[in-house]
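Undergrad: I'd like to ask some things about the structure below.
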Amino acid sequence: MAREAVVGGGEIENELRHDAALRPRRFSDVIGQKHVIQRLTIAVNACRKLGESMPHILFDGPPGLGKTTFANVLPGEMGGALQITSGPALTRPADLLPFLTNAEEGGFLFIDEIHRLPRIVEEFLYPAMEDFRVDIVLGEGLGARTVSMRLKRFTLIGATTRSGMLSSPMRDRFKMHEHLDYYDENDLATILRANAIKLKTPLEDSAALELARRSRGTPRIAISRLFWARQFSASERDGTITLAVAREALHLAEVDHAGLDKQDRRYLETLTGVFQGGPAGVEAIAATMNLPSDTLSDEVEPYLLREQFVLRTARGRMATSKAWSHIGRIPPVTENPNIGPDLFSSAGI
Ligand code: ADP
C-alpha cells in the first residue's frame, strides 16, 4: 500500500515541484532537436543584429517533447519577459486582453494548447499578431463603436499537440513553425544524466540508457521513469541507480521491454481483443477503454503509430503483426488478410 502511494499522487506532486528546477533555461542546456535549436539560434541572432523582436513561433508535436521548454528558453536567450496561458483558459476576448496589454516590447506570450482557443478569441488575436493592435467594441447595438488600441511588439509562442486542428488563418500568422520529433535513446540518456546530476542522484550510464530506451522517445516520460527509479533506489536499495535497480523499478512500474506502460498495452489488448485487430474508430476504442478519445489520440497513439504497433487507415485503427506478437496473441489471419503477420510481407515491405 505504501508503495502505491509513492507511485501515484506523491510521485506526480514531487515531479511538478522538480519540473521547474529541471527545465533547461538556455539553448546550451537543451539536448537533442539539433535542427530546431540551429534555426532558433539563427533567428535569435538575426533579431538581435536587426534590432527586431522575434517572429511569432508555433511549436507542434506530441506531449512531453519540449514545447514548453523551448518557450521558456527563448525569453532567456532574447532577454524579454514571458507570460504564460493556455487555449482552454481563454474563453472570451476579455480573458486574453490583459495578456496582450501587459506584453512588453520584445516580450513573449506563450499560449499552450493553442488549437483549443475558441474562434472568437482566435479572431481577436489576429490583429494583435499582425499589426500589434486590438479592436475593442464599446457599447451595444446601434451605439456600439470600435476602438483600436496599440500594443507593444511582442512575440507569440503557440504550442499544439494537434497542428491539424489549427485554422489556416491562425497557422499562417506564425512566421516560424517548428515540429518537435521523438528523441533517440542517446539524447534521452544525456537528458537523464543531466537531470540525475541536478537531483544529486548517482546514475550509471547503462541504467541511463535502459531508462532512455524504455521511455517512448519522450523526455517527460524519461524524467518520470528516472524519478521513480530514484525513489525506488532510495527506499529499497542504496540510492544509486544501477542497471539492475533501473530494471527492477521499471518492472514494478509495469513498464515492459518496449517501454509501453499499462495504458499502451490496454489499448493494444482492446484493439486486438474486442475489435479483432480492427479497423476500429478511435471513438469506439476510447469508449471501450472508458477514456476520453483525446487522451488516446494525443498521448497513446502517436508513439504506437510511429513504432508501427498500429496503423491508421481510412476505415480506422488496425493492429499490426508487431502489436499481436507484443501482447502474445495470434491474429485471425484467415478472417482478415489485412492484419497480422502478412501485412508487411503482402505489401512487399
Ligand atoms: P511539452 O511542452 O512538449 O509537453 P515540456 O517542455 O514540458 O514538454 O517537457 C517535458 C519535460 O522534459 C520538462 O521537464 C523538460 O525539462 C524536459 N525536456 C524536454 N525537452 C528537453 C530537452 N530538449 N532537453 C532537456 N530537457 C528537456
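Each chain in the C-alpha cells gets a letter, A, B and so on, in the order shown; residues start at 1 in every chain, and ligands are counted from 1 in the order they appear.
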Within 7 Å of ligand 1 (counting only C-alpha atoms and all ligand atoms), which residues show up? I'd like them as a list in words.
TA: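 Written in the requested form, the residues are Asp19, Leu22, Arg23, Pro24, Asp29, Val30, Ile31, Gly32, Gln33, Gly61, Pro62, Pro63, Gly64, Leu65, Gly66, Lys67, Thr68, Thr69, Phe70, Ile191, Pro219, Arg220 and Ile223 of chain A.
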Undergrad: Produce a file of the selected residues containing C-alpha atoms, as a CSV table (one decimal), in the first residue's frame.
TA:
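After the write, result-v2.csv holds the following:
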chain,number,residue,atom,x,y,z
A,19,ASP,CA,9.9,20.2,-13.0
A,22,LEU,CA,15.0,20.7,-14.0
A,23,ARG,CA,13.7,22.7,-17.1
A,24,PRO,CA,16.5,24.0,-19.3
A,29,ASP,CA,21.0,23.2,-21.7
A,30,VAL,CA,18.6,21.9,-24.3
A,31,ILE,CA,19.6,18.4,-25.5
A,32,GLY,CA,18.7,17.0,-29.0
A,33,GLN,CA,16.4,18.6,-31.6
A,61,GLY,CA,4.5,17.7,-31.5
A,62,PRO,CA,3.2,15.1,-29.0
A,63,PRO,CA,3.1,16.0,-25.3
A,64,GLY,CA,6.4,16.0,-23.3
A,65,LEU,CA,8.8,16.6,-26.2
A,66,GLY,CA,9.8,20.1,-25.1
A,67,LYS,CA,7.4,22.7,-26.5
A,68,THR,CA,7.1,24.5,-23.1
A,69,THR,CA,10.8,24.1,-22.6
A,70,PHE,CA,11.5,25.9,-25.9
A,191,ILE,CA,18.9,14.4,-20.6
A,219,PRO,CA,11.9,13.4,-22.2
A,220,ARG,CA,8.9,13.9,-19.9
A,223,ILE,CA,12.4,12.0,-16.4
Undergrad: Just the residues within 10 Å of Arg162 in chain A, please, counting only C-alpha atoms, with nothing from its chain fewer than 2 positions along; format it as a PyMOL selection string.
TA: chain A and resi 60-62+113-116+159-160+164-166+297-298
Undergrad: Go ahead and save the residues from that selection, with all heavy atoms, as a short mmCIF file (atom, residue, chain, number, x, y, z; two decimals), in the first residue's frame.
TA:
data_model
loop_
_atom_site.label_atom_id
_atom_site.label_comp_id
_atom_site.auth_asym_id
_atom_site.auth_seq_id
_atom_site.Cartn_x
_atom_site.Cartn_y
_atom_site.Cartn_z
N ASP A 60 4.90 22.40 -32.61
CA ASP A 60 3.93 21.31 -32.52
C ASP A 60 4.65 19.98 -32.32
O ASP A 60 5.84 19.85 -32.61
CB ASP A 60 3.02 21.30 -33.77
CG ASP A 60 3.63 20.57 -34.93
OD1 ASP A 60 3.49 19.34 -35.00
OD2 ASP A 60 4.26 21.23 -35.77
N GLY A 61 3.91 19.03 -31.78
CA GLY A 61 4.47 17.71 -31.51
C GLY A 61 3.76 17.09 -30.32
O GLY A 61 3.07 17.79 -29.58
N PRO A 62 3.91 15.77 -30.15
CA PRO A 62 3.25 15.09 -29.04
C PRO A 62 3.64 15.66 -27.68
O PRO A 62 4.67 16.33 -27.56
CB PRO A 62 3.74 13.64 -29.17
CG PRO A 62 4.18 13.51 -30.59
CD PRO A 62 4.68 14.85 -31.00
N GLU A 113 -1.57 24.66 -25.93
CA GLU A 113 -2.82 24.08 -26.48
C GLU A 113 -3.58 25.13 -27.28
O GLU A 113 -4.79 25.34 -27.08
CB GLU A 113 -3.70 23.55 -25.37
CG GLU A 113 -3.10 22.37 -24.62
CD GLU A 113 -4.12 21.76 -23.69
OE1 GLU A 113 -5.06 21.13 -24.19
OE2 GLU A 113 -3.97 21.93 -22.47
N ILE A 114 -2.87 25.80 -28.16
CA ILE A 114 -3.48 26.93 -28.88
C ILE A 114 -4.60 26.46 -29.82
O ILE A 114 -5.48 27.25 -30.17
CB ILE A 114 -2.38 27.74 -29.62
CG1 ILE A 114 -2.91 29.12 -30.01
CG2 ILE A 114 -1.79 26.98 -30.80
CD1 ILE A 114 -1.86 30.14 -30.31
N HIS A 115 -4.61 25.17 -30.16
CA HIS A 115 -5.68 24.66 -31.02
C HIS A 115 -7.03 24.67 -30.29
O HIS A 115 -8.07 24.48 -30.91
CB HIS A 115 -5.36 23.24 -31.49
CG HIS A 115 -5.19 22.25 -30.38
ND1 HIS A 115 -3.99 22.09 -29.72
CD2 HIS A 115 -6.07 21.42 -29.78
CE1 HIS A 115 -4.15 21.17 -28.78
NE2 HIS A 115 -5.40 20.75 -28.79
N ARG A 116 -7.00 24.88 -28.96
CA ARG A 116 -8.27 24.88 -28.22
C ARG A 116 -8.80 26.29 -27.94
O ARG A 116 -9.72 26.47 -27.17
CB ARG A 116 -8.11 24.07 -26.93
CG ARG A 116 -7.94 22.58 -27.27
CD ARG A 116 -7.75 21.73 -26.05
NE ARG A 116 -8.90 21.76 -25.16
CZ ARG A 116 -8.92 21.20 -23.97
NH1 ARG A 116 -7.84 20.56 -23.54
NH2 ARG A 116 -9.98 21.26 -23.20
N ALA A 159 1.82 26.59 -28.79
CA ALA A 159 2.19 25.18 -28.74
C ALA A 159 0.95 24.35 -28.96
O ALA A 159 -0.13 24.69 -28.47
CB ALA A 159 2.81 24.83 -27.39
N THR A 160 1.09 23.30 -29.74
CA THR A 160 -0.06 22.44 -30.00
C THR A 160 0.37 20.99 -30.21
O THR A 160 1.44 20.73 -30.76
CB THR A 160 -0.86 22.93 -31.24
OG1 THR A 160 -1.93 22.03 -31.47
CG2 THR A 160 -0.02 23.03 -32.49
N GLY A 164 -3.02 19.97 -36.93
CA GLY A 164 -4.08 19.80 -37.93
C GLY A 164 -5.38 20.47 -37.51
O GLY A 164 -6.22 20.78 -38.35
N MET A 165 -5.56 20.69 -36.21
CA MET A 165 -6.81 21.30 -35.73
C MET A 165 -6.74 22.82 -35.74
O MET A 165 -7.73 23.49 -35.45
CB MET A 165 -7.11 20.84 -34.30
CG MET A 165 -7.90 19.54 -34.27
SD MET A 165 -8.14 18.98 -32.60
CE MET A 165 -9.28 20.21 -31.97
N LEU A 166 -5.57 23.36 -36.06
CA LEU A 166 -5.41 24.82 -36.09
C LEU A 166 -6.00 25.36 -37.40
O LEU A 166 -5.76 24.77 -38.45
CB LEU A 166 -3.92 25.14 -36.04
CG LEU A 166 -3.45 26.24 -35.12
CD1 LEU A 166 -3.89 25.99 -33.70
CD2 LEU A 166 -1.93 26.36 -35.18
N SER A 297 -5.72 9.89 -28.77
CA SER A 297 -5.05 10.44 -29.96
C SER A 297 -3.86 11.33 -29.63
O SER A 297 -2.93 11.42 -30.43
CB SER A 297 -6.02 11.18 -30.88
OG SER A 297 -7.22 11.44 -30.30
N ASP A 298 -3.85 11.97 -28.44
CA ASP A 298 -2.71 12.86 -28.11
C ASP A 298 -1.58 12.11 -27.42
O ASP A 298 -0.41 12.40 -27.65
CB ASP A 298 -3.15 13.99 -27.18
CG ASP A 298 -3.99 15.01 -27.90
OD1 ASP A 298 -4.15 14.88 -29.12
OD2 ASP A 298 -4.48 15.94 -27.24
#
Undergrad: Please provide as a list in words all residues within 10 Å of Asn102 in chain A, with the sequence filter that same-chain residues fewer than 4 positions apart are discarded (counting only C-alpha atoms).
TA: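 Contacts, in chain order: Gln83, Leu97, Pro98, Gly107, Leu109, Leu151, Lys152 and Phe154 of chain A.
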Undergrad: Output the selection as a PDB file, in the first residue's frame - all heavy atoms for each residue.
TA:
ATOM      1  N   GLN A  83       4.998  35.667 -20.500  1.00  0.00           N
ATOM      2  CA  GLN A  83       3.691  35.424 -19.879  1.00  0.00           C
ATOM      3  C   GLN A  83       3.175  34.088 -20.407  1.00  0.00           C
ATOM      4  O   GLN A  83       3.383  33.770 -21.586  1.00  0.00           O
ATOM      5  CB  GLN A  83       2.690  36.496 -20.283  1.00  0.00           C
ATOM      6  CG  GLN A  83       3.083  37.908 -19.945  1.00  0.00           C
ATOM      7  CD  GLN A  83       1.918  38.829 -20.289  1.00  0.00           C
ATOM      8  OE1 GLN A  83       0.974  38.979 -19.529  1.00  0.00           O
ATOM      9  NE2 GLN A  83       1.960  39.414 -21.477  1.00  0.00           N
ATOM     10  N   LEU A  97      -7.235  39.818 -23.275  1.00  0.00           N
ATOM     11  CA  LEU A  97      -6.846  41.233 -23.323  1.00  0.00           C
ATOM     12  C   LEU A  97      -5.733  41.605 -22.329  1.00  0.00           C
ATOM     13  O   LEU A  97      -4.748  42.248 -22.729  1.00  0.00           O
ATOM     14  CB  LEU A  97      -8.093  42.113 -23.136  1.00  0.00           C
ATOM     15  CG  LEU A  97      -7.884  43.606 -23.371  1.00  0.00           C
ATOM     16  CD1 LEU A  97      -7.417  43.875 -24.801  1.00  0.00           C
ATOM     17  CD2 LEU A  97      -9.167  44.380 -23.082  1.00  0.00           C
ATOM     18  N   PRO A  98      -5.831  41.222 -21.033  1.00  0.00           N
ATOM     19  CA  PRO A  98      -4.768  41.627 -20.096  1.00  0.00           C
ATOM     20  C   PRO A  98      -3.381  41.108 -20.511  1.00  0.00           C
ATOM     21  O   PRO A  98      -2.389  41.808 -20.325  1.00  0.00           O
ATOM     22  CB  PRO A  98      -5.189  41.001 -18.765  1.00  0.00           C
ATOM     23  CG  PRO A  98      -6.553  40.481 -18.930  1.00  0.00           C
ATOM     24  CD  PRO A  98      -6.907  40.473 -20.374  1.00  0.00           C
ATOM     25  N   GLY A 107       8.700  41.328 -25.465  1.00  0.00           N
ATOM     26  CA  GLY A 107       8.296  40.273 -24.525  1.00  0.00           C
ATOM     27  C   GLY A 107       7.668  39.086 -25.256  1.00  0.00           C
ATOM     28  O   GLY A 107       7.465  39.120 -26.477  1.00  0.00           O
ATOM     29  N   LEU A 109       4.568  35.961 -25.234  1.00  0.00           N
ATOM     30  CA  LEU A 109       3.328  35.411 -24.698  1.00  0.00           C
ATOM     31  C   LEU A 109       3.233  33.975 -25.184  1.00  0.00           C
ATOM     32  O   LEU A 109       3.223  33.715 -26.399  1.00  0.00           O
ATOM     33  CB  LEU A 109       2.125  36.232 -25.200  1.00  0.00           C
ATOM     34  CG  LEU A 109       0.741  35.635 -24.891  1.00  0.00           C
ATOM     35  CD1 LEU A 109       0.533  35.470 -23.380  1.00  0.00           C
ATOM     36  CD2 LEU A 109      -0.370  36.523 -25.459  1.00  0.00           C
ATOM     37  N   LEU A 151      -0.564  47.971 -29.282  1.00  0.00           N
ATOM     38  CA  LEU A 151       0.139  47.082 -28.344  1.00  0.00           C
ATOM     39  C   LEU A 151       1.637  47.196 -28.574  1.00  0.00           C
ATOM     40  O   LEU A 151       2.074  47.678 -29.632  1.00  0.00           O
ATOM     41  CB  LEU A 151      -0.280  45.625 -28.587  1.00  0.00           C
ATOM     42  CG  LEU A 151      -1.766  45.290 -28.466  1.00  0.00           C
ATOM     43  CD1 LEU A 151      -2.016  43.879 -28.987  1.00  0.00           C
ATOM     44  CD2 LEU A 151      -2.221  45.409 -27.016  1.00  0.00           C
ATOM     45  N   LYS A 152       2.424  46.743 -27.600  1.00  0.00           N
ATOM     46  CA  LYS A 152       3.880  46.691 -27.797  1.00  0.00           C
ATOM     47  C   LYS A 152       4.187  45.519 -28.747  1.00  0.00           C
ATOM     48  O   LYS A 152       3.404  44.583 -28.854  1.00  0.00           O
ATOM     49  CB  LYS A 152       4.578  46.466 -26.449  1.00  0.00           C
ATOM     50  CG  LYS A 152       4.181  47.461 -25.368  1.00  0.00           C
ATOM     51  CD  LYS A 152       5.202  48.574 -25.268  1.00  0.00           C
ATOM     52  CE  LYS A 152       4.766  49.695 -24.335  1.00  0.00           C
ATOM     53  NZ  LYS A 152       4.453  49.301 -22.974  1.00  0.00           N
ATOM     54  N   PHE A 154       5.297  42.304 -29.355  1.00  0.00           N
ATOM     55  CA  PHE A 154       5.611  41.112 -28.571  1.00  0.00           C
ATOM     56  C   PHE A 154       5.719  39.915 -29.518  1.00  0.00           C
ATOM     57  O   PHE A 154       5.412  40.014 -30.703  1.00  0.00           O
ATOM     58  CB  PHE A 154       4.509  40.854 -27.525  1.00  0.00           C
ATOM     59  CG  PHE A 154       3.205  40.441 -28.142  1.00  0.00           C
ATOM     60  CD1 PHE A 154       2.842  39.094 -28.201  1.00  0.00           C
ATOM     61  CD2 PHE A 154       2.355  41.382 -28.702  1.00  0.00           C
ATOM     62  CE1 PHE A 154       1.655  38.697 -28.805  1.00  0.00           C
ATOM     63  CE2 PHE A 154       1.164  40.999 -29.304  1.00  0.00           C
ATOM     64  CZ  PHE A 154       0.813  39.660 -29.356  1.00  0.00           C
TER      65      PHE A 154
END
Undergrad: So which residues of range 219-328 of chain A fall under strand (DSSP E or B) by DSSP, listed as a VMD selection string?
TA: chain A and resid 241 280 310 to 313 316 to 320
Undergrad: Could you name the residues that touch range 71-76 of chain A at 8 Å or less, counting only C-alpha atoms, but leaving out those on the same chain fewer than 4 positions away, as a PyMOL selection string?
TA: chain A and resi 24-27+67+80-82+107-108+110+157
Undergrad: Can you measure CA of Arg171 in chain A to CA of Leu58 in chain A for me? One decimal in Å is fine.
TA: 7.9 Å
Undergrad: What lies within 10 Å of Arg265 in chain A using only C-alpha atoms, ignoring chain neighbours under 5 positions off, as a PyMOL selection string?
TA: chain A and resi 255-256+260+270-271+300+323+326-327
Undergrad: Tell me, as a PDB file with N, CA, C and O atoms, in the first residue's frame, which residues lie within 9 Å of Val44 in chain A, counting only C-alpha atoms; anything in the same chain fewer than 2 positions away does not count.
TA:
ATOM      1  N   ARG A  39      17.970  26.506 -36.040  1.00  0.00           N
ATOM      2  CA  ARG A  39      17.135  27.544 -36.664  1.00  0.00           C
ATOM      3  C   ARG A  39      16.768  28.632 -35.661  1.00  0.00           C
ATOM      4  O   ARG A  39      16.787  29.815 -35.988  1.00  0.00           O
ATOM      5  N   LEU A  40      16.468  28.218 -34.422  1.00  0.00           N
ATOM      6  CA  LEU A  40      16.092  29.221 -33.414  1.00  0.00           C
ATOM      7  C   LEU A  40      17.286  30.111 -33.081  1.00  0.00           C
ATOM      8  O   LEU A  40      17.134  31.323 -32.888  1.00  0.00           O
ATOM      9  N   THR A  41      18.471  29.508 -33.020  1.00  0.00           N
ATOM     10  CA  THR A  41      19.671  30.308 -32.718  1.00  0.00           C
ATOM     11  C   THR A  41      19.890  31.352 -33.808  1.00  0.00           C
ATOM     12  O   THR A  41      20.184  32.520 -33.516  1.00  0.00           O
ATOM     13  N   ILE A  42      19.706  30.932 -35.066  1.00  0.00           N
ATOM     14  CA  ILE A  42      19.860  31.879 -36.178  1.00  0.00           C
ATOM     15  C   ILE A  42      18.836  33.012 -36.053  1.00  0.00           C
ATOM     16  O   ILE A  42      19.169  34.196 -36.192  1.00  0.00           O
ATOM     17  N   ALA A  46      19.748  36.888 -35.591  1.00  0.00           N
ATOM     18  CA  ALA A  46      19.314  37.851 -36.607  1.00  0.00           C
ATOM     19  C   ALA A  46      18.507  38.973 -35.958  1.00  0.00           C
ATOM     20  O   ALA A  46      18.730  40.148 -36.245  1.00  0.00           O
ATOM     21  N   CYS A  47      17.584  38.606 -35.071  1.00  0.00           N
ATOM     22  CA  CYS A  47      16.736  39.628 -34.443  1.00  0.00           C
ATOM     23  C   CYS A  47      17.573  40.573 -33.589  1.00  0.00           C
ATOM     24  O   CYS A  47      17.314  41.773 -33.553  1.00  0.00           O
ATOM     25  N   ARG A  48      18.578  40.019 -32.928  1.00  0.00           N
ATOM     26  CA  ARG A  48      19.451  40.893 -32.116  1.00  0.00           C
ATOM     27  C   ARG A  48      20.183  41.882 -33.016  1.00  0.00           C
ATOM     28  O   ARG A  48      20.217  43.070 -32.750  1.00  0.00           O
ATOM     29  N   LYS A  49      20.735  41.351 -34.135  1.00  0.00           N
ATOM     30  CA  LYS A  49      21.503  42.228 -35.040  1.00  0.00           C
ATOM     31  C   LYS A  49      20.621  43.272 -35.692  1.00  0.00           C
ATOM     32  O   LYS A  49      21.027  44.411 -35.891  1.00  0.00           O
ATOM     33  N   SER A  53      11.996  42.347 -32.823  1.00  0.00           N
ATOM     34  CA  SER A  53      11.513  41.307 -31.916  1.00  0.00           C
ATOM     35  C   SER A  53      11.426  39.997 -32.703  1.00  0.00           C
ATOM     36  O   SER A  53      11.391  39.994 -33.933  1.00  0.00           O
ATOM     37  N   MET A  54      11.383  38.886 -31.962  1.00  0.00           N
ATOM     38  CA  MET A  54      11.316  37.569 -32.621  1.00  0.00           C
ATOM     39  C   MET A  54       9.983  37.429 -33.351  1.00  0.00           C
ATOM     40  O   MET A  54       8.948  37.911 -32.877  1.00  0.00           O
ATOM     41  N   LEU A  74      13.491  30.677 -25.041  1.00  0.00           N
ATOM     42  CA  LEU A  74      13.583  31.844 -25.939  1.00  0.00           C
ATOM     43  C   LEU A  74      13.695  33.178 -25.194  1.00  0.00           C
ATOM     44  O   LEU A  74      14.601  33.973 -25.488  1.00  0.00           O
ATOM     45  N   GLU A  77      17.085  33.597 -23.840  1.00  0.00           N
ATOM     46  CA  GLU A  77      18.107  33.955 -24.836  1.00  0.00           C
ATOM     47  C   GLU A  77      17.944  35.400 -25.302  1.00  0.00           C
ATOM     48  O   GLU A  77      18.913  36.117 -25.497  1.00  0.00           O
ATOM     49  N   MET A  78      16.697  35.823 -25.490  1.00  0.00           N
ATOM     50  CA  MET A  78      16.445  37.166 -26.048  1.00  0.00           C
ATOM     51  C   MET A  78      16.385  38.247 -24.971  1.00  0.00           C
ATOM     52  O   MET A  78      16.564  39.422 -25.249  1.00  0.00           O
TER      53      MET A  78
END
